[in-house]
>>> print(open('coords33.pdb').read())   # PDB, C-alpha atoms
ATOM      1  CA  MET A  21       1.054   0.562  49.503  1.00  0.00           C
ATOM      2  CA  HIS A  22      -2.393  -0.462  48.291  1.00  0.00           C
ATOM      3  CA  LYS A  23      -2.757   2.872  46.495  1.00  0.00           C
ATOM      4  CA  ILE A  24       0.490   2.283  44.609  1.00  0.00           C
ATOM      5  CA  GLN A  25      -0.631  -1.238  43.650  1.00  0.00           C
ATOM      6  CA  ARG A  26      -3.981   0.075  42.403  1.00  0.00           C
ATOM      7  CA  LEU A  27      -2.194   2.792  40.449  1.00  0.00           C
ATOM      8  CA  LEU A  28       0.145   0.263  38.841  1.00  0.00           C
ATOM      9  CA  LEU A  29      -2.800  -1.997  38.023  1.00  0.00           C
ATOM     10  CA  ASN A  30      -4.648   0.910  36.397  1.00  0.00           C
ATOM     11  CA  VAL A  31      -1.551   1.775  34.369  1.00  0.00           C
ATOM     12  CA  VAL A  32      -1.232  -1.844  33.193  1.00  0.00           C
ATOM     13  CA  ILE A  33      -4.921  -1.970  32.242  1.00  0.00           C
ATOM     14  CA  PHE A  34      -4.592   1.315  30.369  1.00  0.00           C
ATOM     15  CA  LEU A  35      -1.549   0.095  28.440  1.00  0.00           C
ATOM     16  CA  VAL A  36      -3.222  -3.219  27.569  1.00  0.00           C
ATOM     17  CA  LEU A  37      -6.369  -1.471  26.356  1.00  0.00           C
ATOM     18  CA  THR A  38      -4.387   1.121  24.385  1.00  0.00           C
ATOM     19  CA  PHE A  39      -1.743  -1.029  22.735  1.00  0.00           C
ATOM     20  CA  GLY A  40      -3.637  -4.316  22.689  1.00  0.00           C
ATOM     21  CA  ILE A  41      -7.061  -3.105  21.585  1.00  0.00           C
ATOM     22  CA  MET A  42      -7.509   0.599  20.783  1.00  0.00           C
ATOM     23  CA  ILE A  43      -4.487   1.152  18.527  1.00  0.00           C
ATOM     24  CA  PRO A  44      -4.983  -2.102  16.546  1.00  0.00           C
ATOM     25  CA  LEU A  45      -8.671  -1.198  16.078  1.00  0.00           C
ATOM     26  CA  TYR A  46      -7.698   2.257  14.826  1.00  0.00           C
ATOM     27  CA  VAL A  47      -5.132   0.787  12.417  1.00  0.00           C
ATOM     28  CA  HIS A  48      -7.493  -1.879  11.071  1.00  0.00           C
ATOM     29  CA  TYR A  49     -10.777   0.020  10.849  1.00  0.00           C
ATOM     30  CA  THR A  50      -9.952   3.715  10.479  1.00  0.00           C
ATOM     31  CA  ALA A  51      -6.491   4.242   9.013  1.00  0.00           C
ATOM     32  CA  VAL A  52      -6.906   1.361   6.531  1.00  0.00           C
ATOM     33  CA  ARG A  53      -9.359   3.467   4.501  1.00  0.00           C
ATOM     34  CA  TYR A  54      -6.645   5.978   3.529  1.00  0.00           C
ATOM     35  CA  THR A  55      -4.090   5.168   0.830  1.00  0.00           C
ATOM     36  CA  GLY A  56      -0.604   5.841   2.180  1.00  0.00           C
ATOM     37  CA  ALA A  57      -1.644   5.636   5.836  1.00  0.00           C
ATOM     38  CA  TYR A  58       0.368   2.447   6.379  1.00  0.00           C
ATOM     39  CA  ASP A  59       3.555   3.871   4.856  1.00  0.00           C
ATOM     40  CA  THR A  60       5.804   3.609   7.925  1.00  0.00           C
ATOM     41  CA  LEU A  61       4.039   0.469   9.140  1.00  0.00           C
ATOM     42  CA  TYR A  62       5.413  -1.164   5.988  1.00  0.00           C
ATOM     43  CA  LEU A  63       8.694   0.712   5.749  1.00  0.00           C
ATOM     44  CA  SER A  64      10.001   1.601   9.197  1.00  0.00           C
ATOM     45  CA  GLU A  65      12.531  -0.629  10.897  1.00  0.00           C
ATOM     46  CA  TYR A  66      10.718   0.243  14.138  1.00  0.00           C
ATOM     47  CA  SER A  67       7.378  -1.055  12.880  1.00  0.00           C
ATOM     48  CA  PRO A  68       5.806  -3.893  14.922  1.00  0.00           C
ATOM     49  CA  TYR A  69       5.534  -5.855  11.666  1.00  0.00           C
ATOM     50  CA  ASP A  70       8.584  -7.845  10.574  1.00  0.00           C
ATOM     51  CA  THR A  71       6.910  -9.828   7.756  1.00  0.00           C
ATOM     52  CA  ILE A  72       5.105  -8.466   4.694  1.00  0.00           C
ATOM     53  CA  LEU A  73       2.807 -10.868   2.877  1.00  0.00           C
ATOM     54  CA  LEU A  74       1.826 -10.082  -0.715  1.00  0.00           C
ATOM     55  CA  GLU A  75      -1.536 -11.808  -1.102  1.00  0.00           C
ATOM     56  CA  VAL A  76      -2.480 -12.043  -4.781  1.00  0.00           C
ATOM     57  CA  HIS A  77      -5.984 -12.936  -6.006  1.00  0.00           C
ATOM     58  CA  ALA A  78      -6.506 -13.391  -9.750  1.00  0.00           C
ATOM     59  CA  GLN A  79      -9.675 -13.629 -11.808  1.00  0.00           C
ATOM     60  CA  GLU A  80     -10.260 -16.832 -13.754  1.00  0.00           C
ATOM     61  CA  GLY A  81      -8.193 -16.784 -16.952  1.00  0.00           C
ATOM     62  CA  VAL A  82      -6.029 -13.879 -15.749  1.00  0.00           C
ATOM     63  CA  GLU A  83      -2.420 -14.867 -15.186  1.00  0.00           C
ATOM     64  CA  PRO A  84      -0.026 -12.632 -13.248  1.00  0.00           C
ATOM     65  CA  TYR A  85       3.578 -12.748 -14.395  1.00  0.00           C
ATOM     66  CA  ASN A  86       5.506 -14.658 -11.750  1.00  0.00           C
ATOM     67  CA  SER A  87       8.639 -12.730 -12.694  1.00  0.00           C
ATOM     68  CA  SER A  88       6.866  -9.430 -11.981  1.00  0.00           C
ATOM     69  CA  LEU A  89       5.702 -10.600  -8.572  1.00  0.00           C
ATOM     70  CA  ALA A  90       9.241 -11.802  -7.845  1.00  0.00           C
ATOM     71  CA  VAL A  91      10.723  -8.392  -8.673  1.00  0.00           C
ATOM     72  CA  LEU A  92       8.058  -6.684  -6.558  1.00  0.00           C
ATOM     73  CA  GLY A  93       8.963  -8.960  -3.668  1.00  0.00           C
ATOM     74  CA  ASP A  94      12.626  -8.019  -4.076  1.00  0.00           C
ATOM     75  CA  ARG A  95      11.777  -4.294  -4.055  1.00  0.00           C
ATOM     76  CA  VAL A  96       9.590  -4.610  -0.972  1.00  0.00           C
ATOM     77  CA  ARG A  97      12.375  -6.507   0.775  1.00  0.00           C
ATOM     78  CA  GLN A  98      14.939  -3.927  -0.349  1.00  0.00           C
ATOM     79  CA  TYR A  99      13.124  -0.886   1.030  1.00  0.00           C
ATOM     80  CA  THR A 100      11.585  -2.392   4.163  1.00  0.00           C
ATOM     81  CA  GLY A 101      14.291  -4.794   5.306  1.00  0.00           C
ATOM     82  CA  LYS A 102      11.553  -7.255   6.242  1.00  0.00           C
ATOM     83  CA  GLU A 103      10.794 -10.844   5.308  1.00  0.00           C
ATOM     84  CA  VAL A 104       8.537 -10.937   2.236  1.00  0.00           C
ATOM     85  CA  ILE A 105       6.188 -13.784   1.309  1.00  0.00           C
ATOM     86  CA  VAL A 106       4.177 -14.002  -1.934  1.00  0.00           C
ATOM     87  CA  ALA A 107       0.982 -16.086  -1.928  1.00  0.00           C
ATOM     88  CA  THR A 108      -1.023 -16.346  -5.178  1.00  0.00           C
ATOM     89  CA  PHE A 109      -4.604 -17.606  -5.539  1.00  0.00           C
ATOM     90  CA  HIS A 110      -6.622 -18.028  -8.766  1.00  0.00           C
ATOM     91  CA  ASP A 111      -9.975 -17.865  -7.039  1.00  0.00           C
ATOM     92  CA  ILE A 112     -11.991 -14.889  -8.347  1.00  0.00           C
ATOM     93  CA  GLY A 113     -14.945 -16.022 -10.442  1.00  0.00           C
ATOM     94  CA  ASN A 114     -15.736 -14.230 -13.692  1.00  0.00           C
ATOM     95  CA  ASP A 115     -19.186 -13.444 -12.330  1.00  0.00           C
ATOM     96  CA  GLU A 116     -17.570 -11.403  -9.537  1.00  0.00           C
ATOM     97  CA  ILE A 117     -15.914  -8.924 -11.896  1.00  0.00           C
ATOM     98  CA  PRO A 118     -17.896  -6.657 -14.271  1.00  0.00           C
ATOM     99  CA  PRO A 119     -16.459  -5.961 -17.756  1.00  0.00           C
ATOM    100  CA  VAL A 120     -15.873  -2.313 -16.812  1.00  0.00           C
ATOM    101  CA  ILE A 121     -15.000  -1.047 -13.334  1.00  0.00           C
ATOM    102  CA  LYS A 122     -15.803   2.581 -12.630  1.00  0.00           C
ATOM    103  CA  ASP A 123     -13.220   4.543 -10.676  1.00  0.00           C
ATOM    104  CA  TYR A 124     -15.632   5.237  -7.825  1.00  0.00           C
ATOM    105  CA  ASP A 125     -16.520   1.525  -7.571  1.00  0.00           C
ATOM    106  CA  VAL A 126     -12.979   0.167  -7.174  1.00  0.00           C
ATOM    107  CA  THR A 127     -12.964   0.348  -3.366  1.00  0.00           C
ATOM    108  CA  ARG A 128     -16.391  -1.263  -2.941  1.00  0.00           C
ATOM    109  CA  LEU A 129     -15.583  -4.093  -5.348  1.00  0.00           C
ATOM    110  CA  GLY A 130     -12.091  -4.590  -3.980  1.00  0.00           C
ATOM    111  CA  ASN A 131     -13.310  -4.763  -0.396  1.00  0.00           C
ATOM    112  CA  LYS A 132     -15.946  -7.314  -1.399  1.00  0.00           C
ATOM    113  CA  ILE A 133     -13.377  -9.522  -3.128  1.00  0.00           C
ATOM    114  CA  ILE A 134     -10.986  -9.362  -0.192  1.00  0.00           C
ATOM    115  CA  LYS A 135     -13.807 -10.154   2.238  1.00  0.00           C
ATOM    116  CA  ASN A 136     -14.824 -13.217   0.212  1.00  0.00           C
ATOM    117  CA  HIS A 137     -11.373 -14.524  -0.667  1.00  0.00           C
ATOM    118  CA  THR A 138      -8.766 -13.319   1.793  1.00  0.00           C
ATOM    119  CA  GLN A 139      -6.559 -16.023   3.279  1.00  0.00           C
ATOM    120  CA  TYR A 140      -4.383 -13.836   5.521  1.00  0.00           C
ATOM    121  CA  HIS A 141      -4.911 -10.785   7.697  1.00  0.00           C
ATOM    122  CA  THR A 142      -2.640  -8.133   9.100  1.00  0.00           C
ATOM    123  CA  ASP A 143      -1.883  -9.360  12.601  1.00  0.00           C
ATOM    124  CA  TRP A 144      -0.523  -6.962  15.205  1.00  0.00           C
ATOM    125  CA  PHE A 145       0.573  -9.769  17.533  1.00  0.00           C
ATOM    126  CA  THR A 146       2.331 -12.105  15.078  1.00  0.00           C
ATOM    127  CA  GLY A 147       4.093  -9.258  13.264  1.00  0.00           C
ATOM    128  CA  ARG A 148       2.589  -9.858   9.806  1.00  0.00           C
ATOM    129  CA  ILE A 149       1.175  -7.110   7.578  1.00  0.00           C
ATOM    130  CA  VAL A 150      -0.522  -7.807   4.240  1.00  0.00           C
ATOM    131  CA  ILE A 151      -0.620  -6.093   0.851  1.00  0.00           C
ATOM    132  CA  TYR A 152      -3.583  -7.297  -1.222  1.00  0.00           C
ATOM    133  CA  ILE A 153      -3.191  -7.398  -5.024  1.00  0.00           C
ATOM    134  CA  ILE A 154      -6.267  -8.125  -7.161  1.00  0.00           C
ATOM    135  CA  TYR A 155      -5.795  -9.063 -10.830  1.00  0.00           C
ATOM    136  CA  THR A 156      -8.780  -8.542 -13.103  1.00  0.00           C
ATOM    137  CA  GLY A 157      -9.532  -8.832 -16.797  1.00  0.00           C
ATOM    138  CA  ALA A 158     -11.798  -5.792 -16.621  1.00  0.00           C
ATOM    139  CA  LYS A 159     -11.309  -2.333 -18.043  1.00  0.00           C
ATOM    140  CA  TRP A 160     -10.987   0.714 -15.797  1.00  0.00           C
ATOM    141  CA  SER A 161     -13.183   3.723 -16.451  1.00  0.00           C
ATOM    142  CA  GLY A 162     -12.445   7.057 -14.792  1.00  0.00           C
ATOM    143  CA  GLU A 163     -13.243  10.722 -15.309  1.00  0.00           C
ATOM    144  CA  THR A 164     -10.473  11.122 -17.895  1.00  0.00           C
ATOM    145  CA  LYS A 165     -10.168   9.402 -21.257  1.00  0.00           C
ATOM    146  CA  SER A 166      -6.850   7.805 -20.300  1.00  0.00           C
ATOM    147  CA  SER A 167      -6.696   4.170 -19.239  1.00  0.00           C
ATOM    148  CA  ALA A 168      -5.314   2.845 -15.968  1.00  0.00           C
ATOM    149  CA  ALA A 169      -3.367  -0.381 -15.692  1.00  0.00           C
ATOM    150  CA  GLY A 170      -3.517  -0.319 -11.919  1.00  0.00           C
ATOM    151  CA  VAL A 171      -5.021   1.638  -9.030  1.00  0.00           C
ATOM    152  CA  THR A 172      -4.491   1.687  -5.283  1.00  0.00           C
ATOM    153  CA  TYR A 173      -7.346   1.835  -2.810  1.00  0.00           C
ATOM    154  CA  ASN A 174      -7.264   1.718   0.975  1.00  0.00           C
ATOM    155  CA  ALA A 175      -3.911   1.614   2.764  1.00  0.00           C
ATOM    156  CA  ASN A 176      -3.142  -1.969   1.830  1.00  0.00           C
ATOM    157  CA  SER A 177      -4.698  -2.830  -1.536  1.00  0.00           C
ATOM    158  CA  MET A 178      -4.251  -2.432  -5.271  1.00  0.00           C
ATOM    159  CA  MET A 179      -6.163  -3.591  -8.336  1.00  0.00           C
ATOM    160  CA  VAL A 180      -4.422  -4.505 -11.602  1.00  0.00           C
ATOM    161  CA  PHE A 181      -6.211  -4.295 -14.968  1.00  0.00           C
ATOM    162  CA  LYS A 182      -4.404  -6.990 -16.892  1.00  0.00           C
ATOM    163  CA  GLU A 183      -6.017  -6.358 -20.295  1.00  0.00           C
ATOM    164  CA  ILE A 184      -3.919  -3.309 -21.173  1.00  0.00           C
ATOM    165  CA  ILE A 185      -0.618  -4.658 -19.808  1.00  0.00           C
ATOM    166  CA  PRO A 186       1.424  -5.920 -22.783  1.00  0.00           C
ATOM    167  CA  ASP A 187       4.278  -7.731 -21.039  1.00  0.00           C
ATOM    168  CA  ALA A 188       6.017  -8.644 -17.791  1.00  0.00           C
ATOM    169  CA  GLU A 189       8.232  -5.568 -17.919  1.00  0.00           C
ATOM    170  CA  THR A 190       5.222  -3.246 -17.918  1.00  0.00           C
ATOM    171  CA  GLU A 191       3.448  -5.278 -15.246  1.00  0.00           C
ATOM    172  CA  THR A 192       6.504  -5.003 -12.999  1.00  0.00           C
ATOM    173  CA  ALA A 193       6.514  -1.223 -13.387  1.00  0.00           C
ATOM    174  CA  ILE A 194       2.782  -1.068 -12.584  1.00  0.00           C
ATOM    175  CA  LEU A 195       3.161  -3.145  -9.425  1.00  0.00           C
ATOM    176  CA  ILE A 196       6.048  -1.035  -8.158  1.00  0.00           C
ATOM    177  CA  HIS A 197       4.230   2.198  -9.077  1.00  0.00           C
ATOM    178  CA  GLU A 198       1.135   1.195  -7.093  1.00  0.00           C
ATOM    179  CA  THR A 199       3.255   0.009  -4.169  1.00  0.00           C
ATOM    180  CA  GLY A 200       4.830   3.462  -4.184  1.00  0.00           C
ATOM    181  CA  HIS A 201       1.365   4.932  -3.600  1.00  0.00           C
ATOM    182  CA  LEU A 202       0.781   2.535  -0.689  1.00  0.00           C
ATOM    183  CA  TRP A 203       4.046   3.867   0.735  1.00  0.00           C
ATOM    184  CA  GLY A 204       2.853   7.453   0.437  1.00  0.00           C
ATOM    185  CA  LEU A 205       4.588   8.478  -2.812  1.00  0.00           C
ATOM    186  CA  GLU A 206       2.755  10.891  -5.098  1.00  0.00           C
ATOM    187  CA  HIS A 207       2.571  10.992  -8.895  1.00  0.00           C
ATOM    188  CA  SER A 208       5.451  12.507 -10.838  1.00  0.00           C
ATOM    189  CA  ASN A 209       5.394  14.528 -14.066  1.00  0.00           C
ATOM    190  CA  ASN A 210       8.814  13.223 -15.048  1.00  0.00           C
ATOM    191  CA  SER A 211       8.328  10.850 -17.985  1.00  0.00           C
ATOM    192  CA  ASN A 212      11.385   8.829 -16.876  1.00  0.00           C
ATOM    193  CA  ASP A 213      10.023   8.275 -13.376  1.00  0.00           C
ATOM    194  CA  ILE A 214       8.253   5.036 -12.408  1.00  0.00           C
ATOM    195  CA  MET A 215       5.782   7.203 -10.453  1.00  0.00           C
ATOM    196  CA  ASN A 216       4.896   9.092 -13.664  1.00  0.00           C
ATOM    197  CA  VAL A 217       1.161   9.733 -13.831  1.00  0.00           C
ATOM    198  CA  HIS A 218       0.863   8.689 -17.500  1.00  0.00           C
ATOM    199  CA  LEU A 219       1.697   5.070 -18.323  1.00  0.00           C
ATOM    200  CA  ASP A 220       1.933   5.691 -22.059  1.00  0.00           C
ATOM    201  CA  GLU A 221       4.477   8.506 -21.579  1.00  0.00           C
ATOM    202  CA  TYR A 222       6.536   6.296 -19.315  1.00  0.00           C
ATOM    203  CA  ILE A 223       6.574   3.438 -21.835  1.00  0.00           C
ATOM    204  CA  ILE A 224       7.420   5.728 -24.779  1.00  0.00           C
ATOM    205  CA  SER A 225      10.247   7.408 -22.870  1.00  0.00           C
ATOM    206  CA  HIS A 226      11.890   3.986 -22.410  1.00  0.00           C
ATOM    207  CA  LEU A 227      11.014   2.502 -25.769  1.00  0.00           C
ATOM    208  CA  PHE A 228      14.624   1.720 -26.639  1.00  0.00           C
ATOM    209  CA  ASP A 229      16.272   1.155 -23.269  1.00  0.00           C
ATOM    210  CA  GLY A 230      13.726  -0.937 -21.354  1.00  0.00           C
ATOM    211  CA  LEU A 231      11.502   0.092 -18.480  1.00  0.00           C
ATOM    212  CA  PRO A 232      13.241   0.760 -15.138  1.00  0.00           C
ATOM    213  CA  ASN A 233      11.883  -1.314 -12.267  1.00  0.00           C
ATOM    214  CA  ASP A 234      12.955   0.934  -9.430  1.00  0.00           C
ATOM    215  CA  PHE A 235      12.200   4.316  -7.924  1.00  0.00           C
ATOM    216  CA  SER A 236      13.987   7.591  -8.683  1.00  0.00           C
ATOM    217  CA  GLU A 237      16.755   8.884  -6.423  1.00  0.00           C
ATOM    218  CA  LYS A 238      14.377  11.461  -4.932  1.00  0.00           C
ATOM    219  CA  GLU A 239      11.830   8.764  -4.107  1.00  0.00           C
ATOM    220  CA  LYS A 240      14.530   6.472  -2.714  1.00  0.00           C
ATOM    221  CA  LYS A 241      15.506   9.251  -0.313  1.00  0.00           C
ATOM    222  CA  LEU A 242      11.895   9.639   0.869  1.00  0.00           C
ATOM    223  CA  LEU A 243      11.535   5.885   1.355  1.00  0.00           C
ATOM    224  CA  GLY A 244      14.830   5.818   3.249  1.00  0.00           C
ATOM    225  CA  GLU A 245      13.594   8.529   5.607  1.00  0.00           C
ATOM    226  CA  LYS A 246      10.454   6.511   6.283  1.00  0.00           C
ATOM    227  CA  HIS A 247      12.531   3.387   6.869  1.00  0.00           C
ATOM    228  CA  ASN A 248      14.505   5.242   9.559  1.00  0.00           C
ATOM    229  CA  SER A 249      11.459   6.935  11.095  1.00  0.00           C
ATOM    230  CA  ARG A 250      10.451   6.115  14.649  1.00  0.00           C
ATOM    231  CA  PHE A 251       7.057   7.736  14.123  1.00  0.00           C
ATOM    232  CA  ILE A 252       4.916   4.881  12.839  1.00  0.00           C
ATOM    233  CA  PHE A 253       1.441   5.913  14.038  1.00  0.00           C
ATOM    234  CA  PRO A 254      -0.861   6.335  10.987  1.00  0.00           C
ATOM    235  CA  ILE A 255      -1.866  10.017  10.919  1.00  0.00           C
ATOM    236  CA  LYS A 256      -3.358  10.099   7.402  1.00  0.00           C
ATOM    237  CA  PRO A 257      -6.994  10.388   8.606  1.00  0.00           C
ATOM    238  CA  TYR A 258      -6.038  13.466  10.601  1.00  0.00           C
ATOM    239  CA  GLU A 259      -3.315  14.846   8.317  1.00  0.00           C
ATOM    240  CA  PRO A 260      -5.037  18.237   7.730  1.00  0.00           C
ATOM    241  CA  LEU A 261      -5.384  18.769  11.487  1.00  0.00           C
ATOM    242  CA  TYR A 262      -1.807  17.604  12.032  1.00  0.00           C
ATOM    243  CA  SER A 263      -0.556  20.129   9.466  1.00  0.00           C
ATOM    244  CA  VAL A 264      -2.466  22.958  11.170  1.00  0.00           C
ATOM    245  CA  VAL A 265      -1.049  22.053  14.588  1.00  0.00           C
ATOM    246  CA  LEU A 266       2.476  21.677  13.178  1.00  0.00           C
ATOM    247  CA  ASN A 267       2.291  25.081  11.477  1.00  0.00           C
ATOM    248  CA  LEU A 268       0.974  26.632  14.694  1.00  0.00           C
ATOM    249  CA  VAL A 269       3.830  25.138  16.715  1.00  0.00           C
ATOM    250  CA  ASN A 270       6.387  26.321  14.156  1.00  0.00           C
ATOM    251  CA  THR A 271       4.908  29.819  14.319  1.00  0.00           C
ATOM    252  CA  MET A 272       5.064  29.872  18.112  1.00  0.00           C
ATOM    253  CA  VAL A 273       8.693  28.742  18.296  1.00  0.00           C
ATOM    254  CA  SER A 274       9.944  30.851  15.400  1.00  0.00           C
ATOM    255  CA  PRO A 275      12.044  33.862  16.484  1.00  0.00           C
TER
END
>>> encode(input="coords33.pdb", output="structure tokens")
Amino acid sequence: MHKIQRLLLNVVIFLVLTFGIMIPLYVHYTAVRYTGAYDTLYLSEYSPYDTILLEVHAQEGVEPYNSSLAVLGDRVRQYTGKEVIVATFHDIGNDEIPPVIKDYDVTRLGNKIIKNHTQYHTDWFTGRIVIYIIYTGAKWSGETKSSAAGVTYNANSMMVFKEIIPDAETETAILIHETGHLWGLEHSNNSNDIMNVHLDEYIISHLFDGLPNDFSEKEKKLLGEKHNSRFIFPIKPYEPLYSVVLNLVNTMVSP
């Protein structure tokens, strides 16, 4: 009898350590560094998170379009089925943002801003997961000559470069595009697609009919599959290994 009790106690301790400490630590400190790693944590109906909080931090003098944030909230609600809250703060000092942000410096700068200004955190136990959106007046500088109006970094963060965004319609498209990356969607070469890699092509292709503010049918299908998925463990850090194992299993079971 005592052996059974000890065994049950060990099982309970193991489960508490695994699901109460080890998995949350992995999610918060390892998987968070990989864009797209939180895809099913945001999207799946089986995710432990039932509330998504869009935490917006804007540089002094940089004004997000409230209408764009409202549409983004609607899209997040539409594809996740979760409660969505938008919280906006105008609290980033001009001395915190350089005039030009190099592509390789986005993550470092973004992490610093979130560390200094964050008001909410993803909380495994209360069921709240956060998407951080940083608005800057800076210019983006990457390896190519093209400009970027927004970039994603980490599994839960994006940075918006307000200077080259002409209107609310474009800003809405940028926010949804970057959210698509957080949900694991890749760039598209279709000029009509909101996930199109080139902003200027996307704008020109809808010059006379207005910019769409939703994903393509193909992307909707992918998001729907993630919404229905029971597999919510972030595997992005080990995706190459996972692919090798999956291919090996498929080879072994193939006739």
>>> resolve_selection(input="coords33.pdb", expression="the PyMOL selection byres ((chain A and resi 100-111) around 7)", output="PyMOL selection string")
chain A and resi 62-64+70-80+93+96-99+112-113+247
>>> closest_residue(input="coords33.pdb", among="A:Pro84, A:Pro186, A:Gly162, A:Pro68", to="Thr146 of chain A", atoms="all atoms listed in the file")
A:Pro68
>>> closest_residue(input="coords33.pdb", among="A:Lys240, A:Lys122, A:Lys182, A:Arg53", to="Leu202 of chain A", atoms="all atoms listed in the file")
A:Arg53
>>> resolve_selection(input="coords33.pdb", expression="the PyMOL selection byres ((chain A and resi 181) around 10)", output="list in words")
Val82, Ile121, Ile154, Tyr155, Thr156, Gly157, Ala158, Lys159, Trp160, Ser167, Ala168, Ala169, Gly170, Val171, Met179, Val180, Lys182, Glu183, Ile184, Ile185, Glu191 and Ile194 of chain A
>>> atom_distance(input="coords33.pdb", atom1="atom CA of Asp187 of chain A", atom2="atom CA of Arg128 of chain A")
28.2 Å
>>> residues_near_point(input="coords33.pdb", point="(-13.3, -13.0, 1.1)", cutoff="12 Å", atoms="all atoms listed in the file", output="list in words")
His77, Phe109, Asp111, Ile112, Glu116, Leu129, Gly130, Asn131, Lys132, Ile133, Ile134, Lys135, Asn136, His137, Thr138, Gln139, Tyr140, His141, Tyr152 and Ile154 of chain A
